[in-house]
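S.K.: One structure, pasted below without further comment.
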Amino acid sequence: MTERTTELDRAHVFHSWSAQAALKPLVIAGGLGCRVWDFDGRSYLDFSSQLVNVNIGHQHPAVIRAITEQAQTLTTISPATANLARGEAAKRITDRAPEGFNKVFFTNGGADANENAIRMARLHTGRDKVLSLYKSYHGNTGSAIVATGDWRRIPNEYARGHVHFFGPFLYRSEFWATTEQEECARALHHLERVIQSEGPASVAAIMLESVPGTAGIMLPPTGYLAGVRALCDKYGIMLIFDEVMCGFGRTGRWFAFEAYDVVPDLITFAKGVNSGYVPTGGVIISDPIAADFDETVFPGGLTYSGHPLAMASIVGALDAMEDEGIVENAARIGRDVLAPALTALQAAHRIIGEVRGDGVFWALELVADRDTREPVGAAVMARIKSELLARGLLPFLIENRIHVVPPCVVTDDEVAEAVAIYDEVLSLDLLS
């Protein structure tokens with residue numbers, strides 16, 4: 001089966017973000033909990049959660065059961081209808097959202113959730129511009145990819161009205177800061193100057209990942225998100241929190257922004273809400289924005305908005321996460337297990353310049369020199385990936401970082417197993 005899978009993949013599958021000719025994708029046949037395996041029986045401990053989305057773990061029986069039962073009742077129905085699974089999913093999501101968020105617009109994933117949040121902010125304010133971070137990723141659709149800050153934006157800049165700014169990241173400060181307080185204050189000053197320079201009356205929204213994920217798992221310093229909220233209120237700008245990666249348990253909370261005592265105007269989600277078992281996402285809409293469309297038609301829609309199988313998977317996932325204390329487990333693992341273990345790794349290996357994270361959402365920043373903070377190169381990262389896979393660990397690596405992002409159901413023993421593998425690989429002579 002391995003040979004057949006590889007043959008079909010190379011002949012007919014076009015892979016994302018890749019030059020196709022040299023690809024040799026890993027073949028995966030099955031999974032359960034925090035492990036996946038190939039057709040030859042080789043098992044991998046999944047510390048990538050795939051694309052940081054399998055929060056509830058692979059093949060959770062409650063989610064499989066919910067999908068199966070819905071498939072036996074009604075596999076699909078138009079979004080214009082009322083459907084019980086859709087209503088139950090929306091209620092479970094809004095029950096966990098802040099007060100004043102009572103409506104959900106369902107999408108097919110995180111990118112089009114961000115698209116529609118931008119659309120709502122523009123319609124609500126009558127303004128056009130959207131401000132977002134250079135260190136960000138918001139998806140691969142028209143506006144979402146242009147809102148993105150990294151290199152993937154540059155070949156895709158077809159959408160209008162997007163402006164980028166620098167956010168706080170003390171380890172690689174853009175603001176010559178030496179403390180978190182300085183970094184926060186200077187980053188907020190920079191943002192306000194960007195707003196003023198762009199013209200406040202032209203800015204519809206500021207879009208932020210509550211905790212930037214793909215860009216590096218950079219926890220915002222105390223006061224930063226509150227400061228952004230204050231700027232939005234000062235200039236009449238909508239605040240969109242992108243919780244696609246960091247939401248639904250990933251930081252040990254239902255929403256990552258809960259740690260910062262800030263409430264946005266729009267919340268986007270996908271990934272962790274059902275662990276990607278069926279494609280879905282959405283926008284949780286604050287009541288004032290939702291009210292705009294009580295008498296005015298919302299000019300947006302999707303054929304598969306609120307698809308019954310996806311909605312059933314949300315209900316199954318969120319109920320299981322509640323019943324089994326899965327979000328609490330992620331918080332405990334982060335606080336009591338991952339934080340001390342990764343800190344010990346840093347003490348043992350000079351290649352680790354910084355450890356940062358929360359819950360089951362961590363990054364090891366790898367450097368060639370701790371004093372200069374020079375990032376390690378692509379060849380080093382390629383070797384690290386190869387060595388981790390050879391030892392049975394499926395990693396998430398990007399740029400010069402190892403993202404330590406297991407499912408929220410990970411156990412103490414599985415963390416210990418993974419940390420031992422990281423330790424062994426980082427003990428190799430990687431920089432010679």
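Every chain in the structure tokens has a letter given in the order shown (A, B, ...), and although residue numbers restart at 1 in each chain, ligands are simply numbered from 1 in the order shown.
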If you count only C-alpha atoms, which residues fall within 6 Å of region 359-373 of chain A, apart from same-chain ones fewer than 3 positions away, as a ChimeraX atom specification?

M.R.: /A:250-252,330-331,334,351-356,376,400-405

S.K.: Keeping N, CA and C atoms for every residue in the selection just given, could you write it to a file as a PDB file, in the first residue's frame?

M.R.:
```pdb
ATOM      1  N   ARG A 250      -5.923  25.067  22.608  1.00  0.00           N
ATOM      2  CA  ARG A 250      -4.495  25.035  22.261  1.00  0.00           C
ATOM      3  C   ARG A 250      -3.630  25.713  23.326  1.00  0.00           C
ATOM      4  N   THR A 251      -4.090  26.812  23.904  1.00  0.00           N
ATOM      5  CA  THR A 251      -3.306  27.491  24.943  1.00  0.00           C
ATOM      6  C   THR A 251      -3.759  27.101  26.344  1.00  0.00           C
ATOM      7  N   GLY A 252      -4.585  26.057  26.452  1.00  0.00           N
ATOM      8  CA  GLY A 252      -5.120  25.668  27.747  1.00  0.00           C
ATOM      9  C   GLY A 252      -6.327  26.474  28.151  1.00  0.00           C
ATOM     10  N   ALA A 330      -4.697  20.347  28.727  1.00  0.00           N
ATOM     11  CA  ALA A 330      -3.722  21.140  27.981  1.00  0.00           C
ATOM     12  C   ALA A 330      -3.077  22.196  28.868  1.00  0.00           C
ATOM     13  N   ALA A 331      -3.883  22.830  29.725  1.00  0.00           N
ATOM     14  CA  ALA A 331      -3.336  23.839  30.632  1.00  0.00           C
ATOM     15  C   ALA A 331      -2.349  23.209  31.611  1.00  0.00           C
ATOM     16  N   GLY A 334       0.922  22.102  29.900  1.00  0.00           N
ATOM     17  CA  GLY A 334       1.777  23.251  29.615  1.00  0.00           C
ATOM     18  C   GLY A 334       2.470  23.771  30.849  1.00  0.00           C
ATOM     19  N   ILE A 351      21.996  25.520  21.462  1.00  0.00           N
ATOM     20  CA  ILE A 351      21.331  25.787  20.182  1.00  0.00           C
ATOM     21  C   ILE A 351      19.934  26.359  20.405  1.00  0.00           C
ATOM     22  N   ILE A 352      19.367  26.192  21.594  1.00  0.00           N
ATOM     23  CA  ILE A 352      18.052  26.743  21.907  1.00  0.00           C
ATOM     24  C   ILE A 352      18.244  28.144  22.461  1.00  0.00           C
ATOM     25  N   GLY A 353      17.846  29.131  21.682  1.00  0.00           N
ATOM     26  CA  GLY A 353      17.983  30.513  22.117  1.00  0.00           C
ATOM     27  C   GLY A 353      16.870  30.962  23.028  1.00  0.00           C
ATOM     28  N   GLU A 354      15.649  30.493  22.757  1.00  0.00           N
ATOM     29  CA  GLU A 354      14.509  30.888  23.595  1.00  0.00           C
ATOM     30  C   GLU A 354      13.471  29.782  23.571  1.00  0.00           C
ATOM     31  N   VAL A 355      12.785  29.633  24.697  1.00  0.00           N
ATOM     32  CA  VAL A 355      11.610  28.771  24.820  1.00  0.00           C
ATOM     33  C   VAL A 355      10.431  29.658  25.176  1.00  0.00           C
ATOM     34  N   ARG A 356       9.318  29.495  24.479  1.00  0.00           N
ATOM     35  CA  ARG A 356       8.141  30.310  24.790  1.00  0.00           C
ATOM     36  C   ARG A 356       6.882  29.523  24.444  1.00  0.00           C
ATOM     37  N   VAL A 376      19.635  29.383  13.120  1.00  0.00           N
ATOM     38  CA  VAL A 376      20.247  28.278  12.386  1.00  0.00           C
ATOM     39  C   VAL A 376      19.681  28.263  10.965  1.00  0.00           C
ATOM     40  N   ASN A 400      13.503  28.643  11.703  1.00  0.00           N
ATOM     41  CA  ASN A 400      14.541  28.133  12.611  1.00  0.00           C
ATOM     42  C   ASN A 400      13.942  27.619  13.919  1.00  0.00           C
ATOM     43  N   ARG A 401      12.682  27.172  13.869  1.00  0.00           N
ATOM     44  CA  ARG A 401      11.994  26.823  15.103  1.00  0.00           C
ATOM     45  C   ARG A 401      11.442  25.400  15.071  1.00  0.00           C
ATOM     46  N   ILE A 402      11.460  24.768  16.236  1.00  0.00           N
ATOM     47  CA  ILE A 402      10.669  23.570  16.478  1.00  0.00           C
ATOM     48  C   ILE A 402       9.434  24.012  17.250  1.00  0.00           C
ATOM     49  N   HIS A 403       8.261  23.819  16.660  1.00  0.00           N
ATOM     50  CA  HIS A 403       7.024  24.105  17.375  1.00  0.00           C
ATOM     51  C   HIS A 403       6.575  22.822  18.078  1.00  0.00           C
ATOM     52  N   VAL A 404       6.481  22.898  19.372  1.00  0.00           N
ATOM     53  CA  VAL A 404       6.100  21.743  20.192  1.00  0.00           C
ATOM     54  C   VAL A 404       4.600  21.846  20.429  1.00  0.00           C
ATOM     55  N   VAL A 405       3.835  21.132  19.609  1.00  0.00           N
ATOM     56  CA  VAL A 405       2.391  21.352  19.543  1.00  0.00           C
ATOM     57  C   VAL A 405       1.631  20.022  19.488  1.00  0.00           C
TER      58      VAL A 405
END
```

S.K.: At a cut-off of 12 Å, can you tabulate as a tab-separated table every residue of region 315-428 of chain A near region 63-74 of chain A together with its closest atom pair and the distance in Å to one decimal, using only C-alpha atoms and ordering rows by chain then number?

M.R.:
```
residue	atom	partner	partner_atom	distance
A:Val315	CA	A:Ala66	CA	7.5
A:Gly316	CA	A:Val63	CA	4.6
A:Ala317	CA	A:Val63	CA	5.4
A:Leu318	CA	A:Val63	CA	9.0
A:Asp319	CA	A:Val63	CA	9.1
A:Ala320	CA	A:Val63	CA	7.8
A:Met321	CA	A:Val63	CA	10.2
```

S.K.: Those same residues, written as a PDB file, in the first residue's frame with C-alpha atoms?

M.R.:
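Output file result-v4.pdb is given in full below:
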```pdb
ATOM      1  CA  VAL A 315     -20.839  19.093  18.771  1.00  0.00           C
ATOM      2  CA  GLY A 316     -19.053  15.793  19.340  1.00  0.00           C
ATOM      3  CA  ALA A 317     -15.662  17.440  19.810  1.00  0.00           C
ATOM      4  CA  LEU A 318     -16.742  20.251  22.139  1.00  0.00           C
ATOM      5  CA  ASP A 319     -18.877  17.949  24.280  1.00  0.00           C
ATOM      6  CA  ALA A 320     -16.012  15.467  24.620  1.00  0.00           C
ATOM      7  CA  MET A 321     -13.537  18.244  25.416  1.00  0.00           C
TER       8      MET A 321
END
```

S.K.: Could you pull the residues within 9 Å of Val262 (chain A), counting only C-alpha atoms, minus those fewer than 6 positions along the same chain, as a list in words?

M.R.: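 So the residues in contact are Leu225, Ala226 and Arg229 of chain A.
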
S.K.: Got a sec to tell me which of region 163-313 of chain A DSSP assigns to helix (DSSP H, G or I), as number ranges by chain?

M.R.: A: 170-172, 180-198, 200-202, 224-235, 256-260, 271-273, 287-291, 308-313

S.K.: Please determine, counting only C-alpha atoms, which residue among A:Val327, A:Ala113, A:Ile154, A:Leu397 has the shortest atom-to-atom distance to Gly247 (chain A).

M.R.: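 Checking each candidate against Gly247 (chain A), we get A:Val327 as the closest.
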
S.K.: Which residues are near Ile237 (chain A)? Cut-off 9 Å, only C-alpha atoms, ignore same chain within fewer than 2 positions. Put them as a PyMOL selection string.

M.R.: chain A and resi 121+125+200-201+203-206+229+231-235+239

S.K.: With N, CA and C atoms retained, export the selected residues as a PDB file, in the first residue's frame.

M.R.:
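Printed below is selection-v4.pdb as written:
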```
ATOM      1  N   ALA A 121     -16.397  43.666   8.995  1.00  0.00           N
ATOM      2  CA  ALA A 121     -15.819  44.884   9.565  1.00  0.00           C
ATOM      3  C   ALA A 121     -15.924  46.050   8.588  1.00  0.00           C
ATOM      4  N   THR A 125     -18.250  49.394   9.374  1.00  0.00           N
ATOM      5  CA  THR A 125     -17.623  50.710   9.551  1.00  0.00           C
ATOM      6  C   THR A 125     -17.761  51.614   8.336  1.00  0.00           C
ATOM      7  N   PRO A 200      -7.084  57.505  10.252  1.00  0.00           N
ATOM      8  CA  PRO A 200      -7.960  56.676  11.076  1.00  0.00           C
ATOM      9  C   PRO A 200      -9.332  56.428  10.465  1.00  0.00           C
ATOM     10  N   ALA A 201      -9.856  57.391   9.764  1.00  0.00           N
ATOM     11  CA  ALA A 201     -11.191  57.253   9.182  1.00  0.00           C
ATOM     12  C   ALA A 201     -11.224  56.301   7.999  1.00  0.00           C
ATOM     13  N   VAL A 203      -9.575  53.229   8.280  1.00  0.00           N
ATOM     14  CA  VAL A 203      -9.221  51.905   8.806  1.00  0.00           C
ATOM     15  C   VAL A 203     -10.457  51.206   9.352  1.00  0.00           C
ATOM     16  N   ALA A 204     -10.804  50.094   8.738  1.00  0.00           N
ATOM     17  CA  ALA A 204     -11.968  49.317   9.171  1.00  0.00           C
ATOM     18  C   ALA A 204     -11.642  48.414  10.341  1.00  0.00           C
ATOM     19  N   ALA A 205     -10.475  47.745  10.281  1.00  0.00           N
ATOM     20  CA  ALA A 205     -10.196  46.704  11.272  1.00  0.00           C
ATOM     21  C   ALA A 205      -8.705  46.542  11.492  1.00  0.00           C
ATOM     22  N   ILE A 206      -8.387  46.105  12.692  1.00  0.00           N
ATOM     23  CA  ILE A 206      -7.079  45.536  13.001  1.00  0.00           C
ATOM     24  C   ILE A 206      -7.308  44.048  13.217  1.00  0.00           C
ATOM     25  N   ARG A 229      -6.863  47.193  21.852  1.00  0.00           N
ATOM     26  CA  ARG A 229      -8.297  47.418  22.041  1.00  0.00           C
ATOM     27  C   ARG A 229      -8.580  48.906  22.277  1.00  0.00           C
ATOM     28  N   LEU A 231      -6.798  51.488  21.310  1.00  0.00           N
ATOM     29  CA  LEU A 231      -6.615  52.223  20.063  1.00  0.00           C
ATOM     30  C   LEU A 231      -7.807  52.027  19.132  1.00  0.00           C
ATOM     31  N   CYS A 232      -8.306  50.816  19.061  1.00  0.00           N
ATOM     32  CA  CYS A 232      -9.494  50.565  18.234  1.00  0.00           C
ATOM     33  C   CYS A 232     -10.673  51.391  18.720  1.00  0.00           C
ATOM     34  N   ASP A 233     -10.873  51.431  20.027  1.00  0.00           N
ATOM     35  CA  ASP A 233     -11.981  52.221  20.573  1.00  0.00           C
ATOM     36  C   ASP A 233     -11.768  53.719  20.302  1.00  0.00           C
ATOM     37  N   LYS A 234     -10.541  54.173  20.407  1.00  0.00           N
ATOM     38  CA  LYS A 234     -10.235  55.590  20.197  1.00  0.00           C
ATOM     39  C   LYS A 234     -10.555  56.023  18.780  1.00  0.00           C
ATOM     40  N   TYR A 235     -10.287  55.148  17.797  1.00  0.00           N
ATOM     41  CA  TYR A 235     -10.425  55.540  16.392  1.00  0.00           C
ATOM     42  C   TYR A 235     -11.605  54.872  15.683  1.00  0.00           C
ATOM     43  N   LEU A 239     -11.887  45.319  16.027  1.00  0.00           N
ATOM     44  CA  LEU A 239     -10.787  44.427  16.407  1.00  0.00           C
ATOM     45  C   LEU A 239     -11.198  42.987  16.112  1.00  0.00           C
TER      46      LEU A 239
END
```

S.K.: Name the residues of region 122-226 of chain A that come out as strand (DSSP E or B) in a backbone DSSP run; write them as a VMD selection string.

M.R.: chain A and resid 129 to 133 162 to 165 203 to 209
